[in-house]
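The structure under discussion appears below in the form of structure tokens.
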Amino acid sequence: MQSSNLLEAIWRGDVACADDSDTGARFGRLLDALVPMRRIGLLRGDRAGGQILPEQTELLPALALGDVIEEELSVATPHGALVVILDQATMRPGAGDAARSQLAGRLVGELLIDAVQRGAFPAEQETNALYLLAQGYDALARSPELARLGLVPAPFRAGLAAVLASLWTGPVVRGSDPDELICGPLFLDSPRLRDYLVTLDASFEAPASGLATATLVRFDAVARTHDAWLRDVALRVDDLLRLSCKVQGETAGEG
């Protein structure tokens with residue numbers, strides 16, 4: 001999601017190039033597994049980090065983020081790259097893997113919502129697509145390969161849930177209804193959340209249990225563009241939704 005004050009933060013000097021520290025390199029390898037695209041890494045020091053934006057995002061009419069980065073920070077920004085803006089405090093070595101895992105969850109949530117808002121999926125499939133992708137990333141976060149990269153599943157899920165809630169239920173406050181709906185231990189498997197999503201979007205159909213696995217969002221770590229990732233993930237979601245309809249049809253027939 002685009003921040004209205006990002007340009008001002010860059011001009012103030014609150015945004016800088018990500019460093020090549022051991023912590024930064026380790027987090028970069030984690031992002032390679034979660035967000036396998038061309039990326040530019042930035043650090044934001046005013047506690048407003050945690051964004052992921054395509055380089056062509058317009059901060060002002062006809063003023064793309066990539067152009068601003070090249071002009072103000074002297075960093076070459078490849079066409080089709082993602083700009084990952086990290087919270088400087090979270091990237092300090094002492095912050096710990098849990099804090100960085102929550103940041104990773106927020107970044108993934110931002111990426112998924114951006115995909116929906118860019119029209120990667122038909123309007124009647126948007127909620128289904130977002131739900132399935134979130135399930136896929138939750139499964140990937142619990143995989144041994146991500147554990148080896150330092151990802152802690154629970155805070156990753158918390159970060160992802162908070163971003164999804166900003167779209168589906170409103171800002172999460174501890175103990176609030178949105179908190180109970182999406183940030184509880186059942187996460188996307190909560191019957192209350194599924195019922196709520198049906199009221200929010202009549203096109204939503206809760207997928208069969210276990211339908212979305214880590215395979216949905218696991219990609220080879222190659223330097224693909226953001227647009228290429230969008231096309232690939234849209235095809236995968238479409239295939240999975242067709243499978244879900246088939247499974248649900250067969251189940252109904254058995255009944």
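How things are named: the first chain in the structure tokens is A, the next is B, and so on; residues count from 1 in each chain; ligands count from 1 in the order shown.
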Exercise for the section: Any chance you could list, as a VMD selection string, the residues in segment 25-80 of chain A that come up strand (DSSP E or B) when DSSP is run on the backbone? Expected result: chain A and resid 37 39 to 44 51 to 54 58 to 60 63 to 64
Restrict the calculation to only C-alpha atoms, then for each residue of segment 38-149 of chain A with any atom at most 8 Å from an atom of segment 183-205 of chain A give the closest atom pair and their distance in Å to one decimal, rows by chain and rising residue number, as JSON lines.
```
{"residue": "A:Glu124", "atom": "CA", "partner": "A:Ser203", "partner_atom": "CA", "distance": 5.7}
{"residue": "A:Gln125", "atom": "CA", "partner": "A:Ser203", "partner_atom": "CA", "distance": 7.0}
{"residue": "A:Thr127", "atom": "CA", "partner": "A:Phe204", "partner_atom": "CA", "distance": 6.1}
{"residue": "A:Asn128", "atom": "CA", "partner": "A:Phe204", "partner_atom": "CA", "distance": 5.6}
{"residue": "A:Tyr131", "atom": "CA", "partner": "A:Leu188", "partner_atom": "CA", "distance": 7.5}
{"residue": "A:Gln135", "atom": "CA", "partner": "A:Leu188", "partner_atom": "CA", "distance": 7.1}
```
Practice task
Assign secondary structure with DSSP using the backbone only, and return the residues of segment 35-160 of chain A in alpha helix (DSSP H) as JSON, numbers by chain.
Solution key: {"A": [65, 66, 67, 68, 69, 70, 71, 72, 73, 97, 98, 99, 100, 101, 102, 103, 104, 105, 106, 107, 108, 109, 110, 111, 112, 113, 114, 115, 116, 117, 126, 127, 128, 129, 130, 131, 132, 133, 134, 135, 136, 137, 138, 139, 140, 141, 144, 145, 146, 147, 148, 153, 154, 155, 156, 157, 158, 159, 160]}
Handout entry: Neighbour list for Ala161 of chain A as a PyMOL selection string, cut-off 12 Å, only C-alpha atoms, skip fewer than 4 positions in-chain
Key = chain A and resi 102-110+112-113+130-131+134-135+137-138+153-157+165-172+178-188+193
Problem - Length of the atom CA of Glu72 of chain A to atom CA of Gly24 of chain A vector [Å] - result: 21.8 Å
Exercise for the section: Between A:Gly13, A:Pro61, A:Pro36, A:Gly28, single out the one closest to Asp232 of chain A, counting only C-alpha atoms. Expected result: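 Closest to Asp232 of chain A of all the choices is A:Pro36.
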Handout entry: Shell around Ala64 of chain A at 12 Å using only C-alpha atoms, local window under 3 positions removed, as a list of chain:residue names
Key =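 Answer for this query is A:Gln2, A:Leu6, A:Leu7, A:Leu53, A:Pro54, A:Glu55, A:Gln56, A:Thr57, A:Glu58, A:Leu59, A:Leu60, A:Pro61, A:Asp67, A:Val68, A:Ile69, A:Glu70, A:Glu71, A:Thr77, A:His79, A:Gly80, A:Val83.
The nearest approach to Asp97 of chain A among the residues A:Leu30, A:Ala62, A:Val116, A:Ala129, with only C-alpha atoms taken into account, belongs to A:Leu30.
In this model, the gap between atom CA of Ala95 of chain A and atom CA of Asp19 of chain A comes to 15.7 Å.
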